[in-house]
$ cat work_8.csv   # CSV, N, CA and C atoms
chain,number,residue,atom,x,y,z
A,1,MET,N,100.9,92.9,128.2
A,1,MET,CA,100.6,92.5,126.9
A,1,MET,C,101.2,93.5,125.9
A,2,ASN,N,101.4,93.0,124.7
A,2,ASN,CA,102.0,93.8,123.6
A,2,ASN,C,100.9,94.6,123.0
A,3,ILE,N,101.2,95.5,122.0
A,3,ILE,CA,100.3,96.4,121.4
A,3,ILE,C,99.2,95.6,120.6
A,4,GLY,N,99.6,94.5,120.0
A,4,GLY,CA,98.6,93.8,119.2
A,4,GLY,C,97.6,93.1,120.1
A,5,GLU,N,98.0,92.6,121.2
A,5,GLU,CA,97.1,92.0,122.2
A,5,GLU,C,96.2,93.1,122.8
A,6,ALA,N,96.8,94.3,123.1
A,6,ALA,CA,96.0,95.4,123.7
A,6,ALA,C,95.0,95.8,122.7
A,7,ALA,N,95.3,95.9,121.4
A,7,ALA,CA,94.4,96.2,120.3
A,7,ALA,C,93.2,95.2,120.3
A,8,LYS,N,93.5,94.0,120.4
A,8,LYS,CA,92.5,92.9,120.3
A,8,LYS,C,91.6,93.0,121.6
A,9,ALA,N,92.2,93.2,122.7
A,9,ALA,CA,91.5,93.3,124.0
A,9,ALA,C,90.6,94.5,124.1
A,10,THR,N,90.9,95.6,123.4
A,10,THR,CA,90.1,96.8,123.6
A,10,THR,C,89.3,97.2,122.3
A,11,GLY,N,89.6,96.6,121.2
A,11,GLY,CA,88.9,96.9,120.0
A,11,GLY,C,89.4,98.2,119.4
A,12,ILE,N,90.6,98.7,119.8
A,12,ILE,CA,91.2,99.8,119.3
A,12,ILE,C,92.4,99.4,118.5
A,13,SER,N,92.6,99.9,117.3
A,13,SER,CA,93.7,99.5,116.4
A,13,SER,C,95.0,99.9,117.1
A,14,ALA,N,96.1,99.2,116.7
A,14,ALA,CA,97.4,99.5,117.2
A,14,ALA,C,97.8,100.9,116.8
A,15,LYS,N,97.4,101.3,115.6
A,15,LYS,CA,97.7,102.6,115.1
A,15,LYS,C,97.0,103.7,116.0
A,16,MET,N,95.8,103.5,116.3
A,16,MET,CA,95.0,104.4,117.2
A,16,MET,C,95.6,104.4,118.6
A,17,ILE,N,96.0,103.3,119.1
A,17,ILE,CA,96.7,103.3,120.4
A,17,ILE,C,97.9,104.2,120.4
A,18,ARG,N,98.7,104.0,119.4
A,18,ARG,CA,99.9,104.9,119.3
A,18,ARG,C,99.6,106.3,119.1
A,19,TYR,N,98.5,106.6,118.4
A,19,TYR,CA,98.0,108.0,118.2
A,19,TYR,C,97.6,108.6,119.5
A,20,TYR,N,96.8,107.8,120.3
A,20,TYR,CA,96.3,108.3,121.6
A,20,TYR,C,97.5,108.5,122.6
A,21,GLU,N,98.5,107.7,122.5
A,21,GLU,CA,99.7,107.8,123.3
A,21,GLU,C,100.4,109.1,122.8
A,22,GLY,N,100.5,109.4,121.6
A,22,GLY,CA,101.2,110.6,121.0
A,22,GLY,C,100.5,111.8,121.5
A,23,LEU,N,99.2,111.8,121.6
A,23,LEU,CA,98.4,112.9,122.1
A,23,LEU,C,98.4,113.1,123.6
A,24,ASN,N,99.1,112.1,124.3
A,24,ASN,CA,99.1,112.1,125.8
A,24,ASN,C,97.7,111.8,126.3
A,25,LEU,N,96.8,111.2,125.5
A,25,LEU,CA,95.5,110.8,126.0
A,25,LEU,C,95.7,109.6,127.0
A,26,ILE,N,96.6,108.8,126.6
A,26,ILE,CA,96.9,107.7,127.5
A,26,ILE,C,98.4,107.8,127.9
A,27,ARG,N,98.8,107.3,129.0
A,27,ARG,CA,100.2,107.4,129.4
A,27,ARG,C,101.1,106.6,128.4
A,28,PRO,N,102.3,107.0,128.2
A,28,PRO,CA,103.2,106.2,127.4
A,28,PRO,C,103.4,104.8,127.9
A,29,ALA,N,103.3,103.8,127.0
A,29,ALA,CA,103.5,102.4,127.5
A,29,ALA,C,104.9,102.2,128.0
A,30,LEU,N,104.9,101.2,128.9
A,30,LEU,CA,106.3,100.8,129.3
A,30,LEU,C,106.9,100.1,128.1
A,31,ARG,N,108.2,100.0,128.1
A,31,ARG,CA,108.9,99.3,127.0
A,31,ARG,C,109.8,98.2,127.5
A,32,THR,N,109.9,97.2,126.6
A,32,THR,CA,110.8,96.1,126.9
A,32,THR,C,112.2,96.5,126.6
A,33,ALA,N,113.2,95.7,126.9
A,33,ALA,CA,114.6,96.0,126.6
A,33,ALA,C,114.7,96.2,125.1
A,34,SER,N,113.9,95.5,124.3
A,34,SER,CA,114.0,95.6,122.8
A,34,SER,C,113.1,96.7,122.3
A,35,GLY,N,112.5,97.5,123.1
A,35,GLY,CA,111.7,98.6,122.7
A,35,GLY,C,110.2,98.4,122.4
A,36,TYR,N,109.7,97.2,122.6
A,36,TYR,CA,108.3,96.9,122.4
A,36,TYR,C,107.5,97.4,123.5
A,37,ARG,N,106.3,97.9,123.1
A,37,ARG,CA,105.4,98.5,124.1
A,37,ARG,C,104.8,97.3,124.9
A,38,VAL,N,104.6,97.6,126.2
A,38,VAL,CA,103.9,96.6,127.1
A,38,VAL,C,102.8,97.4,127.8
A,39,TYR,N,101.6,96.8,127.8
A,39,TYR,CA,100.4,97.4,128.4
A,39,TYR,C,100.0,96.6,129.6
A,40,SER,N,99.7,97.3,130.7
A,40,SER,CA,99.2,96.7,131.9
A,40,SER,C,97.7,96.6,131.9
A,41,ASP,N,97.2,95.9,132.9
A,41,ASP,CA,95.7,95.9,133.1
A,41,ASP,C,95.1,97.2,133.2
A,42,VAL,N,95.8,98.1,133.9
A,42,VAL,CA,95.3,99.5,134.1
A,42,VAL,C,95.3,100.2,132.7
A,43,ASP,N,96.3,100.0,131.9
A,43,ASP,CA,96.3,100.6,130.6
A,43,ASP,C,95.2,100.1,129.7
A,44,ILE,N,94.9,98.8,129.8
A,44,ILE,CA,93.8,98.2,129.1
A,44,ILE,C,92.5,98.8,129.5
A,45,HIS,N,92.3,98.9,130.8
A,45,HIS,CA,91.1,99.5,131.4
A,45,HIS,C,90.9,101.0,130.9
A,46,THR,N,92.0,101.7,130.9
A,46,THR,CA,91.9,103.1,130.4
A,46,THR,C,91.6,103.1,128.9
A,47,LEU,N,92.2,102.2,128.1
A,47,LEU,CA,91.9,102.2,126.7
A,47,LEU,C,90.4,101.8,126.4
A,48,ARG,N,89.9,100.9,127.2
A,48,ARG,CA,88.5,100.6,127.1
A,48,ARG,C,87.6,101.8,127.4
A,49,PHE,N,88.0,102.6,128.4
A,49,PHE,CA,87.3,103.8,128.7
A,49,PHE,C,87.3,104.8,127.5
A,50,VAL,N,88.5,104.9,126.9
A,50,VAL,CA,88.6,105.7,125.7
A,50,VAL,C,87.7,105.2,124.6
A,51,ARG,N,87.8,103.9,124.4
A,51,ARG,CA,87.0,103.3,123.3
A,51,ARG,C,85.5,103.5,123.5
A,52,ARG,N,85.0,103.4,124.7
A,52,ARG,CA,83.6,103.6,125.0
A,52,ARG,C,83.2,105.1,124.8
A,53,SER,N,84.1,105.9,125.2
A,53,SER,CA,83.9,107.4,125.0
A,53,SER,C,83.8,107.7,123.6
A,54,ARG,N,84.7,107.2,122.8
A,54,ARG,CA,84.7,107.4,121.3
A,54,ARG,C,83.4,106.9,120.7
A,55,ASP,N,83.0,105.7,121.2
A,55,ASP,CA,81.8,105.1,120.6
A,55,ASP,C,80.6,106.0,120.9
A,56,LEU,N,80.6,106.8,122.0
A,56,LEU,CA,79.5,107.7,122.3
A,56,LEU,C,79.7,109.1,121.6
A,57,GLY,N,80.8,109.2,120.8
A,57,GLY,CA,81.0,110.4,120.0
A,57,GLY,C,81.7,111.5,120.7
A,58,PHE,N,82.3,111.3,121.8
A,58,PHE,CA,83.1,112.3,122.5
A,58,PHE,C,84.4,112.6,121.7
A,59,SER,N,84.8,113.9,121.7
A,59,SER,CA,86.0,114.3,121.0
A,59,SER,C,87.2,113.9,121.8
A,60,VAL,N,88.3,113.9,121.2
A,60,VAL,CA,89.6,113.6,122.0
A,60,VAL,C,89.7,114.6,123.1
A,61,ARG,N,89.4,115.9,122.9
A,61,ARG,CA,89.5,116.9,124.0
A,61,ARG,C,88.5,116.5,125.1
A,62,GLN,N,87.3,116.2,124.8
A,62,GLN,CA,86.4,115.8,125.8
A,62,GLN,C,86.8,114.5,126.5
A,63,ILE,N,87.3,113.6,125.8
A,63,ILE,CA,87.8,112.3,126.4
A,63,ILE,C,88.9,112.6,127.4
A,64,SER,N,89.8,113.6,127.0
A,64,SER,CA,90.9,114.0,127.9
A,64,SER,C,90.3,114.5,129.2
A,65,THR,N,89.3,115.4,129.1
A,65,THR,CA,88.6,115.9,130.3
A,65,THR,C,88.0,114.8,131.1
A,66,LEU,N,87.3,113.9,130.4
A,66,LEU,CA,86.6,112.8,131.1
A,66,LEU,C,87.6,111.9,131.8
A,67,LEU,N,88.8,111.6,131.2
A,67,LEU,CA,89.8,110.8,131.8
A,67,LEU,C,90.4,111.5,133.1
A,68,ASN,N,90.6,112.8,133.0
A,68,ASN,CA,91.1,113.5,134.1
A,68,ASN,C,90.1,113.5,135.3
A,69,LEU,N,88.8,113.6,134.9
A,69,LEU,CA,87.8,113.5,136.0
A,69,LEU,C,87.7,112.1,136.5
A,70,TRP,N,87.8,111.1,135.7
A,70,TRP,CA,87.7,109.7,136.1
A,70,TRP,C,88.8,109.4,137.1
A,71,GLN,N,90.0,109.9,136.8
A,71,GLN,CA,91.1,109.6,137.6
A,71,GLN,C,91.2,110.5,138.9
A,72,ASP,N,90.4,111.6,138.9
A,72,ASP,CA,90.4,112.5,140.1
A,72,ASP,C,89.3,112.0,141.0
A,73,ARG,N,89.6,111.3,142.1
A,73,ARG,CA,88.6,110.8,143.0
A,73,ARG,C,88.0,111.9,143.9
A,74,SER,N,88.6,113.1,143.8
A,74,SER,CA,88.0,114.2,144.6
A,74,SER,C,87.1,115.1,143.8
A,75,ARG,N,86.9,114.7,142.5
A,75,ARG,CA,86.0,115.5,141.7
A,75,ARG,C,84.5,115.4,142.1
A,76,GLU,N,83.8,116.3,141.6
A,76,GLU,CA,82.3,116.3,141.9
A,76,GLU,C,81.6,115.7,140.7
A,77,SER,N,80.6,114.9,140.9
A,77,SER,CA,79.9,114.2,139.8
A,77,SER,C,79.3,115.3,138.9
A,78,GLY,N,79.0,116.5,139.4
A,78,GLY,CA,78.4,117.5,138.6
A,78,GLY,C,79.3,118.0,137.5
A,79,GLN,N,80.6,117.9,137.7
A,79,GLN,CA,81.5,118.2,136.7
A,79,GLN,C,81.4,117.3,135.5
A,80,VAL,N,81.3,116.0,135.8
A,80,VAL,CA,81.1,115.0,134.7
A,80,VAL,C,79.8,115.2,134.0
A,81,LYS,N,78.7,115.4,134.8
A,81,LYS,CA,77.4,115.6,134.2
A,81,LYS,C,77.4,116.8,133.3
A,82,ARG,N,78.1,117.9,133.6
A,82,ARG,CA,78.2,119.0,132.7
A,82,ARG,C,78.8,118.7,131.3
A,83,VAL,N,79.8,117.9,131.4
A,83,VAL,CA,80.5,117.4,130.1
A,83,VAL,C,79.5,116.6,129.3
A,84,ALA,N,78.8,115.7,130.0
A,84,ALA,CA,77.8,114.8,129.3
A,84,ALA,C,76.7,115.6,128.7
A,85,LEU,N,76.2,116.6,129.5
A,85,LEU,CA,75.0,117.4,129.0
A,85,LEU,C,75.4,118.3,127.8
A,86,GLN,N,76.6,118.8,127.9
A,86,GLN,CA,77.1,119.6,126.8
A,86,GLN,C,77.2,118.8,125.5
A,87,HIS,N,77.7,117.6,125.7
A,87,HIS,CA,77.9,116.6,124.6
A,87,HIS,C,76.5,116.3,124.0
A,88,ILE,N,75.5,116.1,124.8
A,88,ILE,CA,74.2,115.8,124.4
A,88,ILE,C,73.6,117.0,123.6
A,89,ALA,N,73.8,118.2,124.0
A,89,ALA,CA,73.4,119.4,123.3
A,89,ALA,C,74.1,119.5,121.9
A,90,ASP,N,75.4,119.2,121.9
A,90,ASP,CA,76.1,119.2,120.6
A,90,ASP,C,75.6,118.1,119.7
A,91,LEU,N,75.3,117.0,120.2
A,91,LEU,CA,74.8,115.9,119.4
A,91,LEU,C,73.4,116.3,118.8
A,92,GLU,N,72.6,116.9,119.6
A,92,GLU,CA,71.3,117.3,119.1
A,92,GLU,C,71.4,118.3,118.0
A,93,VAL,N,72.3,119.2,118.1
A,93,VAL,CA,72.6,120.2,117.0
A,93,VAL,C,73.0,119.4,115.7
A,94,ARG,N,73.9,118.5,115.9
A,94,ARG,CA,74.4,117.7,114.8
A,94,ARG,C,73.3,116.9,114.1
A,95,ILE,N,72.4,116.3,115.0
A,95,ILE,CA,71.3,115.6,114.4
A,95,ILE,C,70.3,116.5,113.6
A,96,SER,N,70.1,117.7,114.1
A,96,SER,CA,69.3,118.6,113.4
A,96,SER,C,69.9,119.0,112.1
A,97,GLU,N,71.2,119.2,112.1
A,97,GLU,CA,71.9,119.5,110.8
A,97,GLU,C,71.8,118.4,109.8
A,98,LEU,N,72.0,117.2,110.3
A,98,LEU,CA,71.9,116.0,109.5
A,98,LEU,C,70.5,115.8,108.9
A,99,ARG,N,69.5,116.1,109.7
A,99,ARG,CA,68.1,116.0,109.2
A,99,ARG,C,67.9,117.1,108.1
A,100,ASP,N,68.5,118.2,108.3
A,100,ASP,CA,68.4,119.3,107.2
A,100,ASP,C,69.1,118.8,105.9
A,101,MET,N,70.2,118.2,106.1
A,101,MET,CA,71.0,117.7,104.9
A,101,MET,C,70.1,116.6,104.2
A,102,ILE,N,69.6,115.7,104.9
A,102,ILE,CA,68.7,114.7,104.3
A,102,ILE,C,67.6,115.3,103.6
A,103,GLY,N,67.0,116.3,104.2
A,103,GLY,CA,65.8,116.9,103.5
A,103,GLY,C,66.2,117.6,102.2
A,104,VAL,N,67.3,118.3,102.2
A,104,VAL,CA,67.8,119.0,101.0
A,104,VAL,C,68.2,117.9,99.9
A,105,LEU,N,68.8,116.9,100.3
A,105,LEU,CA,69.2,115.8,99.4
A,105,LEU,C,68.0,115.1,98.8
A,106,LYS,N,67.0,114.9,99.7
A,106,LYS,CA,65.8,114.2,99.2
A,106,LYS,C,65.1,115.1,98.2
A,107,THR,N,65.0,116.4,98.5
A,107,THR,CA,64.4,117.4,97.5
A,107,THR,C,65.1,117.4,96.2
A,108,LEU,N,66.5,117.4,96.2
A,108,LEU,CA,67.3,117.4,95.0
A,108,LEU,C,67.0,116.1,94.3
A,109,ALA,N,67.0,115.0,95.0
A,109,ALA,CA,66.8,113.7,94.3
A,109,ALA,C,65.5,113.5,93.7
A,110,ASP,N,64.5,114.1,94.4
A,110,ASP,CA,63.1,114.1,93.9
A,110,ASP,C,62.9,114.9,92.6
A,111,THR,N,63.8,115.9,92.4
A,111,THR,CA,63.7,116.7,91.2
A,111,THR,C,64.5,116.1,90.0
A,112,CYS,N,65.3,115.1,90.3
A,112,CYS,CA,66.1,114.4,89.2
A,112,CYS,C,65.3,113.3,88.6
A,113,HIS,N,65.3,113.3,87.3
A,113,HIS,CA,64.6,112.2,86.6
A,113,HIS,C,65.3,110.9,86.7
A,114,GLY,N,66.6,110.9,86.8
A,114,GLY,CA,67.4,109.7,87.0
A,114,GLY,C,67.3,108.8,85.7
A,115,ASP,N,67.3,109.4,84.6
A,115,ASP,CA,67.1,108.7,83.3
A,115,ASP,C,68.4,108.9,82.5
A,116,HIS,N,68.2,108.7,81.2
A,116,HIS,CA,69.4,108.8,80.3
A,116,HIS,C,69.8,110.2,79.9
A,117,ARG,N,69.0,111.2,80.3
A,117,ARG,CA,69.4,112.6,80.0
A,117,ARG,C,70.5,113.1,80.9
A,118,PRO,N,71.4,113.9,80.3
A,118,PRO,CA,72.5,114.4,81.1
A,118,PRO,C,72.1,115.5,82.1
A,119,ASP,N,71.0,116.2,81.9
A,119,ASP,CA,70.5,117.2,82.8
A,119,ASP,C,70.3,116.6,84.2
A,120,CYS,N,70.9,117.2,85.3
A,120,CYS,CA,70.7,116.6,86.6
A,120,CYS,C,70.6,117.7,87.6
A,121,PRO,N,69.4,117.9,88.2
A,121,PRO,CA,69.2,118.9,89.2
A,121,PRO,C,70.0,118.7,90.5
A,122,ILE,N,70.5,117.5,90.7
A,122,ILE,CA,71.3,117.3,91.9
A,122,ILE,C,72.6,118.0,91.7
A,123,LEU,N,73.2,117.8,90.5
A,123,LEU,CA,74.5,118.5,90.2
A,123,LEU,C,74.4,120.0,90.1
A,124,HIS,N,73.3,120.4,89.5
A,124,HIS,CA,73.0,121.9,89.4
A,124,HIS,C,72.9,122.5,90.8
A,125,GLY,N,72.2,121.8,91.7
A,125,GLY,CA,72.1,122.3,93.1
A,125,GLY,C,73.4,122.4,93.8
A,126,LEU,N,74.2,121.4,93.6
A,126,LEU,CA,75.6,121.4,94.2
A,126,LEU,C,76.4,122.5,93.6
A,127,GLU,N,76.3,122.6,92.3
A,127,GLU,CA,77.1,123.7,91.6
A,127,GLU,C,76.7,125.1,92.1
A,128,ARG,N,75.5,125.3,92.2
A,128,ARG,CA,75.0,126.7,92.6
A,128,ARG,C,75.2,126.9,94.1
A,129,GLY,N,75.2,125.9,94.8
A,129,GLY,CA,75.3,126.0,96.3
A,129,GLY,C,74.2,126.7,96.9
A,130,ALA,N,73.1,126.9,96.1
A,130,ALA,CA,71.9,127.5,96.6
A,130,ALA,C,71.2,126.7,97.7
A,131,ARG,N,70.7,127.4,98.6
A,131,ARG,CA,70.0,126.7,99.7
A,131,ARG,C,68.6,126.2,99.1
A,132,VAL,N,68.4,124.9,99.2
A,132,VAL,CA,67.2,124.3,98.8
A,132,VAL,C,66.4,124.0,100.0
A,133,GLU,N,65.1,124.4,100.0
A,133,GLU,CA,64.3,124.2,101.1
A,133,GLU,C,63.8,122.7,101.1
A,134,PRO,N,64.1,122.0,102.1
A,134,PRO,CA,63.7,120.6,102.2
A,134,PRO,C,62.2,120.3,102.2
A,135,THR,N,61.8,119.2,101.6
A,135,THR,CA,60.4,118.8,101.7
A,135,THR,C,60.2,118.2,103.1
A,136,ALA,N,59.0,118.0,103.5
A,136,ALA,CA,58.7,117.5,104.8
A,136,ALA,C,59.3,116.0,104.9
A,137,PHE,N,59.9,115.7,105.9
A,137,PHE,CA,60.4,114.4,106.2
A,137,PHE,C,60.5,114.1,107.7
A,138,ALA,N,60.7,112.9,108.0
A,138,ALA,CA,60.8,112.5,109.4
A,138,ALA,C,62.2,112.4,109.8
$ encode --input "work_8.csv" --output "structure tokens"
Amino acid sequence: MNIGEAAKATGISAKMIRYYEGLNLIRPALRTASGYRVYSDVDIHTLRFVRRSRDLGFSVRQISTLLNLWQDRSRESGQVKRVALQHIADLEVRISELRDMIGVLKTLADTCHGDHRPDCPILHGLERGARVEPTAFA
């Protein structure tokens, strides 16, 4: 199948498929005599693996590691689990950071009157760059 069909079959844009190929995340596509990319069922399966990995937030570097492990039938499942557990830990840190950001923004928004006056504590807080302690939030 051509790159457009591969994009449709995998949910990955043609531009991203070319990007992943350029990074050597996926093998270079076979080419027709006229230079068009041709993707096999194996290529589509690999692209779907990449797509699902991206959907779960893995970085390109992590996906490369996972692809290598996936293709290595002699690997130990513990190696894969370590990658997944590290990713979970990274996600938990990011979630905590996002919650902190939400708290700070809620605090700034709560101090803003949001009326016709030009004075805006949100902009002042951004300008100062001062750490604002967030209010309690879930």
$ atom_distance --input "work_8.csv" --atom1 "CA of Ala6 (chain A)" --atom2 "atom N of Arg75 (chain A)"
28.4 Å
$ atom_distance --input "work_8.csv" --atom1 "CA of Arg37 (chain A)" --atom2 "atom N of Asn2 (chain A)"
6.8 Å
$ residues_around --input "work_8.csv" --residues "Gly11 (chain A)" --least-positions-apart "3" --cutoff "8 Å" --atoms "only N, CA and C atoms" --output "ChimeraX atom specification"
/A:5-8,14,47-48,51
$ select_by_dssp --input "work_8.csv" --residues "chain A" --states "helix (DSSP H, G or I)" --output "ChimeraX atom specification"
/A:3-10,14-22,41-55,60-71,77-111,121-128
$ select_by_dssp --input "work_8.csv" --residues "region 4-138 of chain A" --states "strand (DSSP E)" --output "ChimeraX atom specification"
/A:30-31,37-38
$ write_last_selection --input "work_8.csv" --atoms "N, CA and C atoms" --output "short mmCIF file (atom, residue, chain, number, x, y, z; two decimals), in the coordinates of the input"
data_model
loop_
_atom_site.label_atom_id
_atom_site.label_comp_id
_atom_site.auth_asym_id
_atom_site.auth_seq_id
_atom_site.Cartn_x
_atom_site.Cartn_y
_atom_site.Cartn_z
N LEU A 30 104.90 101.20 128.90
CA LEU A 30 106.30 100.80 129.30
C LEU A 30 106.90 100.10 128.10
N ARG A 31 108.20 100.00 128.10
CA ARG A 31 108.90 99.30 127.00
C ARG A 31 109.80 98.20 127.50
N ARG A 37 106.30 97.90 123.10
CA ARG A 37 105.40 98.50 124.10
C ARG A 37 104.80 97.30 124.90
N VAL A 38 104.60 97.60 126.20
CA VAL A 38 103.90 96.60 127.10
C VAL A 38 102.80 97.40 127.80
#
$ atom_distance --input "work_8.csv" --atom1 "CA of Ile122 (chain A)" --atom2 "atom C of Leu91 (chain A)"
27.0 Å
$ build_atoms --input "work_8.csv" --residues "region 26-39 of chain A" --atoms "N, CA, C and O atoms" --output "compact mmCIF listing (two decimals), in the frame of the given file"
# COMPACT_ATOMS: atom_id res chain seq x y z
N ILE A 26 96.60 108.80 126.60
CA ILE A 26 96.90 107.70 127.50
C ILE A 26 98.40 107.80 127.90
O ILE A 26 99.17 108.45 127.10
N ARG A 27 98.80 107.30 129.00
CA ARG A 27 100.20 107.40 129.40
C ARG A 27 101.10 106.60 128.40
O ARG A 27 100.63 105.55 127.86
N PRO A 28 102.30 107.00 128.20
CA PRO A 28 103.20 106.20 127.40
C PRO A 28 103.40 104.80 127.90
O PRO A 28 103.50 104.57 129.15
N ALA A 29 103.30 103.80 127.00
CA ALA A 29 103.50 102.40 127.50
C ALA A 29 104.90 102.20 128.00
O ALA A 29 105.84 102.80 127.55
N LEU A 30 104.90 101.20 128.90
CA LEU A 30 106.30 100.80 129.30
C LEU A 30 106.90 100.10 128.10
O LEU A 30 106.20 99.61 127.20
N ARG A 31 108.20 100.00 128.10
CA ARG A 31 108.90 99.30 127.00
C ARG A 31 109.80 98.20 127.50
O ARG A 31 110.35 98.25 128.56
N THR A 32 109.90 97.20 126.60
CA THR A 32 110.80 96.10 126.90
C THR A 32 112.20 96.50 126.60
O THR A 32 112.37 97.60 125.98
N ALA A 33 113.20 95.70 126.90
CA ALA A 33 114.60 96.00 126.60
C ALA A 33 114.70 96.20 125.10
O ALA A 33 115.57 97.01 124.63
N SER A 34 113.90 95.50 124.30
CA SER A 34 114.00 95.60 122.80
C SER A 34 113.10 96.70 122.30
O SER A 34 113.08 96.86 121.05
N GLY A 35 112.50 97.50 123.10
CA GLY A 35 111.70 98.60 122.70
C GLY A 35 110.20 98.40 122.40
O GLY A 35 109.51 99.27 121.98
N TYR A 36 109.70 97.20 122.60
CA TYR A 36 108.30 96.90 122.40
C TYR A 36 107.50 97.40 123.50
O TYR A 36 107.84 97.40 124.67
N ARG A 37 106.30 97.90 123.10
CA ARG A 37 105.40 98.50 124.10
C ARG A 37 104.80 97.30 124.90
O ARG A 37 104.43 96.29 124.35
N VAL A 38 104.60 97.60 126.20
CA VAL A 38 103.90 96.60 127.10
C VAL A 38 102.80 97.40 127.80
O VAL A 38 103.03 98.42 128.42
N TYR A 39 101.60 96.80 127.80
CA TYR A 39 100.40 97.40 128.40
C TYR A 39 100.00 96.60 129.60
O TYR A 39 99.88 95.36 129.55
